[in-house]
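K.L.:
What follows is upload-v8.txt, compact mmCIF, C-alpha atoms and all ligand atoms.
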# COMPACT_ATOMS: atom_id res chain seq x y z
CA MET A 1 41.54 65.12 118.43
CA LYS A 2 41.25 61.61 117.05
CA HIS A 3 40.48 58.96 119.68
CA LEU A 4 42.21 55.74 118.67
CA ASP A 5 40.81 53.43 121.36
CA HIS A 6 37.08 52.82 121.67
CA SER A 7 37.36 52.87 125.50
CA TYR A 8 37.81 56.64 125.27
CA LYS A 9 34.24 56.86 124.04
CA GLU A 10 31.16 57.73 126.07
CA ASP A 11 29.28 54.52 125.21
CA PHE A 12 32.18 52.13 125.99
CA GLN A 13 31.15 49.27 128.29
CA TYR A 14 33.44 47.09 130.35
CA LYS A 15 32.96 43.33 129.85
CA HIS A 16 34.09 40.95 132.58
CA LYS A 17 34.86 37.30 132.00
CA ASN A 18 37.65 37.08 134.52
CA PRO A 19 36.98 35.38 137.89
CA TYR A 20 39.25 37.90 139.60
CA HIS A 21 36.72 40.62 138.84
CA ASP A 22 34.46 39.15 141.53
CA LYS A 23 37.30 38.09 143.80
CA LEU A 24 38.44 41.71 144.00
CA GLN A 25 35.26 42.38 145.94
CA GLU A 26 36.95 40.78 148.96
CA PHE A 27 38.73 44.13 149.27
CA SER A 28 35.76 46.34 148.52
CA ASP A 29 36.77 48.87 151.19
CA PHE A 30 39.74 50.02 149.08
CA VAL A 31 39.43 48.30 145.67
CA PHE A 32 37.02 49.58 143.05
CA ARG A 33 36.25 48.06 139.70
CA ASP A 34 35.96 50.27 136.62
CA THR A 35 32.40 51.65 136.78
CA GLU A 36 32.56 51.84 140.59
CA GLY A 37 35.54 54.14 140.18
CA GLU A 38 33.79 56.15 137.48
CA ALA A 39 30.91 56.81 139.90
CA LEU A 40 33.41 58.81 141.99
CA LYS A 41 34.32 61.22 139.21
CA GLY A 42 34.86 64.66 140.77
CA LYS A 43 34.07 63.26 144.24
CA TRP A 44 37.22 61.35 145.18
CA HIS A 45 38.12 63.80 147.94
CA SER A 46 34.64 64.28 149.39
CA ASP A 47 33.20 60.76 149.05
CA TYR A 48 36.15 58.38 149.20
CA PHE A 49 39.17 59.93 150.92
CA LYS A 50 37.10 62.34 153.01
CA ASN A 51 39.97 64.81 153.17
CA GLU A 52 41.52 67.43 150.88
CA LYS A 53 45.03 65.98 150.60
CA PRO A 54 46.49 66.22 147.08
CA LEU A 55 45.65 63.31 144.82
CA THR A 56 48.34 61.28 143.02
CA VAL A 57 47.21 58.82 140.34
CA GLU A 58 49.38 56.05 138.89
CA VAL A 59 48.32 54.43 135.62
CA GLY A 60 49.56 50.85 135.13
CA CYS A 61 50.59 50.28 138.74
CA GLY A 62 51.06 46.53 138.07
CA TYR A 63 52.15 44.60 141.15
CA GLY A 64 52.38 47.92 142.97
CA GLU A 65 55.92 47.99 144.31
CA PHE A 66 56.01 51.72 143.67
CA MET A 67 52.48 52.27 145.00
CA ARG A 68 53.18 50.47 148.27
CA SER A 69 56.43 52.29 149.04
CA TYR A 70 55.20 55.68 147.88
CA THR A 71 51.91 55.61 149.81
CA THR A 72 53.74 54.53 152.96
CA ASP A 73 56.28 57.36 152.56
CA HIS A 74 53.62 59.97 151.65
CA PRO A 75 50.76 59.75 154.14
CA HIS A 76 50.00 63.42 153.35
CA GLU A 77 48.87 62.47 149.82
CA ASN A 78 45.89 60.49 148.54
CA PHE A 79 46.72 57.89 145.92
CA VAL A 80 44.76 55.97 143.27
CA GLY A 81 46.57 53.13 141.50
CA ILE A 82 45.02 51.92 138.24
CA ASP A 83 45.69 48.71 136.35
CA TYR A 84 43.52 46.68 134.03
CA ARG A 85 44.95 43.22 134.70
CA PHE A 86 42.73 41.33 137.11
CA LYS A 87 45.09 38.78 138.67
CA ARG A 88 47.84 41.35 139.14
CA SER A 89 45.38 43.72 140.82
CA TYR A 90 44.24 40.94 143.13
CA ALA A 91 47.85 40.17 144.16
CA LEU A 92 48.42 43.86 144.84
CA ALA A 93 45.14 44.18 146.77
CA LYS A 94 46.23 41.37 149.09
CA ASN A 95 49.51 43.17 149.82
CA LEU A 96 47.79 46.54 150.25
CA SER A 97 45.35 45.03 152.74
CA GLU A 98 48.28 44.51 155.10
CA GLN A 99 49.48 48.09 154.81
CA GLU A 100 48.92 50.34 157.81
CA VAL A 101 48.52 53.73 156.14
CA LYS A 102 45.19 53.64 154.23
CA ASN A 103 45.64 56.64 151.94
CA PHE A 104 44.93 54.77 148.71
CA CYS A 105 42.42 53.17 146.38
CA LEU A 106 43.21 50.47 143.83
CA LEU A 107 41.12 50.73 140.69
CA ARG A 108 40.82 47.83 138.22
CA ALA A 109 40.20 49.83 135.07
CA LYS A 110 41.70 51.06 131.83
CA GLY A 111 43.92 54.12 131.66
CA GLU A 112 41.90 55.25 128.65
CA ARG A 113 39.02 55.90 131.08
CA LEU A 114 40.81 58.61 133.08
CA GLY A 115 38.49 61.30 131.73
CA PHE A 116 35.45 59.34 132.93
CA THR A 117 36.97 58.58 136.33
CA PHE A 118 38.33 61.92 137.53
CA GLY A 119 36.97 65.44 137.41
CA LYS A 120 38.58 68.59 136.09
CA ASN A 121 41.50 69.73 138.29
CA GLU A 122 41.04 66.76 140.64
CA ILE A 123 44.59 65.35 140.28
CA SER A 124 47.88 66.87 141.47
CA LYS A 125 50.32 64.27 140.10
CA LEU A 126 49.80 61.74 137.34
CA LEU A 127 52.32 58.89 137.09
CA TYR A 128 52.89 56.51 134.21
CA PHE A 129 55.78 54.09 134.65
CA PHE A 130 57.00 51.48 132.19
CA PRO A 131 53.95 51.25 129.97
CA ASP A 132 53.74 48.34 127.57
CA PRO A 133 55.86 49.61 124.63
CA TRP A 134 53.98 47.91 121.78
CA PRO A 135 57.21 47.81 119.73
CA LYS A 136 55.75 46.69 116.38
CA THR A 137 54.69 49.57 114.13
CA ARG A 138 51.28 48.05 113.48
CA HIS A 139 50.68 47.98 117.27
CA HIS A 140 51.72 51.59 117.96
CA LYS A 141 48.04 52.54 117.95
CA ASN A 142 47.76 50.66 121.28
CA ARG A 143 50.19 52.98 123.05
CA LEU A 144 48.39 54.94 125.73
CA PHE A 145 50.73 57.92 125.53
CA GLN A 146 48.97 59.69 122.67
CA ALA A 147 47.13 62.95 122.17
CA PRO A 148 43.86 61.87 123.93
CA PHE A 149 45.83 60.77 127.02
CA ILE A 150 47.67 64.11 127.10
CA GLU A 151 44.36 65.92 126.69
CA ASP A 152 42.92 63.97 129.66
CA ALA A 153 46.06 64.71 131.70
CA TYR A 154 45.69 68.42 131.00
CA ASN A 155 41.98 68.49 131.88
CA LEU A 156 42.31 66.47 135.08
CA LEU A 157 45.51 67.96 136.48
CA LYS A 158 45.28 71.07 138.64
CA PRO A 159 47.05 74.22 137.44
CA GLY A 160 50.76 73.46 137.87
CA GLY A 161 49.99 69.72 138.22
CA LYS A 162 52.60 67.31 136.88
CA LEU A 163 52.77 64.26 134.64
CA PHE A 164 55.70 61.92 135.41
CA VAL A 165 56.69 59.24 132.90
CA LYS A 166 59.42 56.58 132.84
CA THR A 167 60.20 53.99 130.17
CA ASP A 168 62.97 51.53 129.38
CA HIS A 169 62.10 51.54 125.69
CA ASP A 170 64.06 53.81 123.31
CA GLY A 171 61.40 53.68 120.60
CA TYR A 172 58.61 54.61 123.00
CA ALA A 173 60.77 57.39 124.47
CA ASP A 174 61.28 58.79 120.95
CA TRP A 175 57.52 58.56 120.35
CA MET A 176 56.83 60.41 123.62
CA SER A 177 59.46 63.05 122.91
CA GLU A 178 57.99 63.73 119.47
CA LEU A 179 54.52 64.20 120.94
CA ILE A 180 55.80 66.29 123.86
CA ASN A 181 57.58 68.61 121.44
CA SER A 182 54.53 69.04 119.21
CA PRO A 183 52.76 72.43 119.32
CA VAL A 184 49.53 70.90 120.69
CA VAL A 185 51.35 69.60 123.80
CA GLN A 186 53.70 72.54 124.16
CA GLU A 187 50.78 74.92 124.51
CA LYS A 188 49.47 72.85 127.43
CA PHE A 189 52.62 71.66 129.23
CA SER A 190 56.17 72.79 129.85
CA LEU A 191 58.91 70.17 129.96
CA GLU A 192 60.54 70.23 133.41
CA LEU A 193 62.74 67.17 132.95
CA GLU A 194 63.80 65.00 130.04
CA SER A 195 66.46 62.36 130.48
CA ARG A 196 67.74 59.37 128.55
CA ASN A 197 69.55 58.13 131.65
CA LEU A 198 67.57 59.10 134.73
CA ARG A 199 69.88 57.73 137.41
CA ALA A 200 73.01 59.24 135.88
CA ASP A 201 71.39 62.65 135.23
CA TYR A 202 69.08 63.06 138.25
CA PRO A 203 70.17 60.64 141.00
CA GLU A 204 68.42 62.72 143.68
CA HIS A 205 65.07 62.98 141.93
CA PHE A 206 62.21 60.99 143.50
CA LEU A 207 61.77 59.22 140.17
CA ALA A 208 65.27 57.78 140.60
CA LYS A 209 64.80 56.95 144.26
CA TYR A 210 61.82 54.63 143.78
CA MET A 211 62.18 51.57 141.61
CA THR A 212 59.22 49.69 140.18
CA LYS A 213 59.19 45.91 139.72
CA PHE A 214 59.88 46.15 136.00
CA GLU A 215 62.47 48.85 136.49
CA LYS A 216 64.55 46.50 138.68
CA ILE A 217 64.67 44.04 135.78
CA PHE A 218 65.68 46.72 133.26
CA ILE A 219 68.38 48.05 135.56
CA SER A 220 69.76 44.55 136.12
CA GLN A 221 70.08 44.41 132.31
CA SER A 222 71.94 47.80 132.31
CA ILE A 223 69.14 49.47 130.31
CA PRO A 224 69.14 53.24 130.98
CA ILE A 225 65.81 54.58 132.19
CA LYS A 226 64.22 57.32 130.12
CA ALA A 227 62.09 59.89 131.98
CA PHE A 228 59.92 62.94 131.33
CA VAL A 229 58.24 65.39 133.70
CA LEU A 230 55.61 67.71 132.23
CA VAL A 231 54.10 70.64 134.13
CA SER A 232 50.64 71.89 133.28
CA LYS A 233 50.54 75.49 132.02
CA LYS A 234 46.92 75.78 133.16
CA VAL A 235 46.29 78.92 135.23
C1 LIG B 1 55.20 46.71 131.88
S1 LIG B 1 54.00 46.71 133.16
C2 LIG B 1 54.68 47.90 134.30
C3 LIG B 1 54.07 47.80 135.67
C4 LIG B 1 54.64 48.78 136.70
N1 LIG B 1 54.35 50.16 136.33
C5 LIG B 1 56.12 48.56 136.86
O1 LIG B 1 56.89 49.40 136.37
O2 LIG B 1 56.51 47.58 137.49
C6 LIG B 1 52.67 47.61 132.43
C7 LIG B 1 51.43 47.60 133.31
O3 LIG B 1 50.48 48.47 132.74
C8 LIG B 1 49.22 47.83 132.75
N2 LIG B 1 48.48 48.40 131.62
C9 LIG B 1 48.78 48.26 130.31
N3 LIG B 1 47.90 48.95 129.56
C10 LIG B 1 47.02 49.51 130.42
C11 LIG B 1 45.88 50.33 130.25
N4 LIG B 1 45.47 50.69 129.05
N5 LIG B 1 45.24 50.73 131.37
C12 LIG B 1 45.65 50.35 132.61
N6 LIG B 1 46.72 49.58 132.82
C13 LIG B 1 47.40 49.17 131.74
C14 LIG B 1 49.52 46.35 132.62
O4 LIG B 1 48.48 45.55 133.13
C15 LIG B 1 50.80 46.23 133.43
O5 LIG B 1 50.55 45.94 134.79
Take the structure in the file and write it out as structure tokens.
P.N.:
Amino acid sequence: MKHLDHSYKEDFQYKHKNPYHDKLQEFSDFVFRDTEGEALKGKWHSDYFKNEKPLTVEVGCGYGEFMRSYTTDHPHENFVGIDYRFKRSYALAKNLSEQEVKNFCLLRAKGERLGFTFGKNEISKLLYFFPDPWPKTRHHKNRLFQAPFIEDAYNLLKPGGKLFVKTDHDGYADWMSELINSPVVQEKFSLELESRNLRADYPEHFLAKYMTKFEKIFISQSIPIKAFVLVSKKV
């Protein structure tokens, strides 16, 4: 498969010019920065969480409204939230530091690095909510939801593991749907849920029960939320 972003490559190196990279070290007991997270590949349960609870990973957790509510409500799961924006991650780290249940790690890193950060079958649920839509055609190459991301999801998810996606953006939902319905994805995943109006179609689903920060804005603008749930066919 063609890798469109150089950060998917073995020799990619993170470069840090942002002061929040160092400031994040204030929370070094539960915040890791890119290569620190990659050092835990395949060892998240044994070396970080020190338990065997199922691992949920959220890519693009942003200010972490979802992460904070979900981790509080699901103490029986481990959780890694990933975002590449420094200041946003710092704001989230501050809030997480006040949380009582400590079943999480916040990782300042790129979603393209999933395959370097987690081992085969290490993840039970992979979440991707309201990714940047990159609406202009010439920017579509920046969309994370592409074949290499799906390939990583398949490798890292356990057999029967699930990928949950939500977007406000019709064009990105069409793009996702086209990829999901392609033979290369269909041989790896079955489509458990597809909706162009999540709250109308599946009001009881956990995806509808939790609202992210961006989702609140889209809902206040009466934009229907598009959602997909893929289940790994791995045996
Ligand atoms: C539109 S915001 C949505 C944030 C959050 N999921 C929500 O719904 O409130 C997109 C988030 O994804 C993060 N992001 C974008 N591209 C990313 C990438 N390649 N890797 C990791 N995070 C990324 C951004 O920093 C931003 O916080």
K.L.:
What lies within 9 Å of A:Lys43 using all atoms listed in the file, ignoring chain neighbours under 5 positions off, as a list in words?
P.N.:
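Returned residues: Tyr48, Phe118, Gly119 and Glu122 of chain A.
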K.L.:
Within 7 Å of stretch 228-232 of chain A, counting only C-alpha atoms, which residues qualify if same-chain residues fewer than 6 places away don't, as a list in words?
P.N.:
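Final neighbour list, sorted by chain and number: Tyr154, Pro159, Gly160, Gly161, Lys162, Leu163, Phe164, Val165, Lys166, Lys188, Phe189, Ser190, Leu191, Glu192, Leu193, Glu194 and Ser195 of chain A.
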K.L.:
What separation in Å, quoted to one decimal, exists between atom CA of A:Lys17 and atom CA of A:Leu4?
P.N.:
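Taking atom CA of A:Lys17 as the start and atom CA of A:Leu4 as the end point, the length is 23.9 Å.
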K.L.:
What are the closest atom pairs, with distances in Å to one decimal, for all residues of chain A lying within 8 Å of ligand LIG 1 (chain B)? Consider only C-alpha atoms and all ligand atoms, order rows by chain and residue number, and present the result as JSON lines.
P.N.:
{"residue": "A:Val59", "atom": "CA", "partner": "B:LIG1", "partner_atom": "C12", "distance": 5.7}
{"residue": "A:Gly60", "atom": "CA", "partner": "B:LIG1", "partner_atom": "O3", "distance": 3.5}
{"residue": "A:Cys61", "atom": "CA", "partner": "B:LIG1", "partner_atom": "N1", "distance": 4.5}
{"residue": "A:Gly62", "atom": "CA", "partner": "B:LIG1", "partner_atom": "O5", "distance": 3.4}
{"residue": "A:Tyr63", "atom": "CA", "partner": "B:LIG1", "partner_atom": "O2", "distance": 6.4}
{"residue": "A:Gly64", "atom": "CA", "partner": "B:LIG1", "partner_atom": "C4", "distance": 6.7}
{"residue": "A:Glu65", "atom": "CA", "partner": "B:LIG1", "partner_atom": "O2", "distance": 6.9}
{"residue": "A:Phe66", "atom": "CA", "partner": "B:LIG1", "partner_atom": "O2", "distance": 7.5}
{"residue": "A:Ile82", "atom": "CA", "partner": "B:LIG1", "partner_atom": "C12", "distance": 5.9}
{"residue": "A:Asp83", "atom": "CA", "partner": "B:LIG1", "partner_atom": "N6", "distance": 3.8}
{"residue": "A:Tyr84", "atom": "CA", "partner": "B:LIG1", "partner_atom": "C12", "distance": 4.5}
{"residue": "A:Arg85", "atom": "CA", "partner": "B:LIG1", "partner_atom": "O4", "distance": 4.5}
{"residue": "A:Arg88", "atom": "CA", "partner": "B:LIG1", "partner_atom": "O5", "distance": 6.9}
{"residue": "A:Arg108", "atom": "CA", "partner": "B:LIG1", "partner_atom": "C12", "distance": 7.8}
{"residue": "A:Ala109", "atom": "CA", "partner": "B:LIG1", "partner_atom": "C12", "distance": 6.0}
{"residue": "A:Lys110", "atom": "CA", "partner": "B:LIG1", "partner_atom": "N5", "distance": 3.6}
{"residue": "A:Gly111", "atom": "CA", "partner": "B:LIG1", "partner_atom": "N5", "distance": 3.6}
{"residue": "A:Glu112", "atom": "CA", "partner": "B:LIG1", "partner_atom": "N4", "distance": 5.8}
{"residue": "A:Tyr128", "atom": "CA", "partner": "B:LIG1", "partner_atom": "N1", "distance": 6.9}
{"residue": "A:Phe129", "atom": "CA", "partner": "B:LIG1", "partner_atom": "N1", "distance": 4.5}
{"residue": "A:Phe130", "atom": "CA", "partner": "B:LIG1", "partner_atom": "O1", "distance": 4.7}
{"residue": "A:Pro131", "atom": "CA", "partner": "B:LIG1", "partner_atom": "C6", "distance": 4.6}
{"residue": "A:Asp132", "atom": "CA", "partner": "B:LIG1", "partner_atom": "C1", "distance": 4.8}
{"residue": "A:Pro133", "atom": "CA", "partner": "B:LIG1", "partner_atom": "C1", "distance": 7.8}
{"residue": "A:Arg143", "atom": "CA", "partner": "B:LIG1", "partner_atom": "N4", "distance": 8.0}
{"residue": "A:Leu144", "atom": "CA", "partner": "B:LIG1", "partner_atom": "N4", "distance": 6.1}
{"residue": "A:Met211", "atom": "CA", "partner": "B:LIG1", "partner_atom": "O1", "distance": 7.8}
{"residue": "A:Thr212", "atom": "CA", "partner": "B:LIG1", "partner_atom": "O2", "distance": 4.4}
{"residue": "A:Lys213", "atom": "CA", "partner": "B:LIG1", "partner_atom": "O2", "distance": 3.9}
{"residue": "A:Phe214", "atom": "CA", "partner": "B:LIG1", "partner_atom": "O2", "distance": 4.0}
{"residue": "A:Glu215", "atom": "CA", "partner": "B:LIG1", "partner_atom": "O1", "distance": 5.6}
K.L.:
Pick from A:Glu178, A:Lys226, A:Lys141, A:Tyr14: nearest to A:Arg113, with only C-alpha atoms counted?
P.N.:
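Using only C-alpha atoms, the shortest distance to A:Arg113 belongs to A:Tyr14.
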K.L.:
Name the closest residue to A:Arg68 among the candidates A:Ser182, A:Asn142, A:Gln99, A:Thr56; distances are taken between atoms, counting all atoms listed in the file.
P.N.:
A:Gln99
K.L.:
Could you give me, as a list in words, the residues within 8 Å of stretch 206-210 of chain A, counting only C-alpha atoms and dropping anything in the same chain fewer than 6 positions from it?
P.N.:
Phe66, Ser69, Tyr70, Leu198 and Arg199 of chain A
K.L.:
Between A:Ile219, A:Ile180, A:Ala173, A:Val31, which one has atoms that come closest to A:Leu96, using only C-alpha atoms?
P.N.:
A:Val31
K.L.:
Select, from A:Tyr172, A:Phe116, A:Tyr20, A:Phe218, the residue with the minimum atom-to-atom distance to A:Glu36, counting only C-alpha atoms.
P.N.:
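Between A:Tyr172, A:Phe116, A:Tyr20, A:Phe218, the residue approaching A:Glu36 most closely is A:Phe116.
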K.L.:
Name the residues, using the chain letters and numbers of the file, that sit within 12 Å of (46.1, 72.2, 122.2) when counting only C-alpha atoms, and give them as a ChimeraX atom specification.
P.N.:
/A:1,147-148,150-152,154-155,179-180,182-189,232-234
K.L.:
Which of these residues is nearest to A:Asn78, using all atoms listed in the file: A:Ser222, A:Gln146, A:Ser124, A:Ser177?
P.N.:
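Using all atoms listed in the file, A:Asn78 sits closest to A:Ser124.
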K.L.:
Taking all atoms of stretch 109-115 of chain A that the file lists and extending 5 Å past them on each side, where is the centre of the axis-aligned box and how long are its edges? Answer in Å to one decimal, as JSON.
P.N.:
{"center_x": 41.2, "center_y": 55.6, "center_z": 131.9, "size_x": 15.4, "size_y": 21.5, "size_z": 16.4}
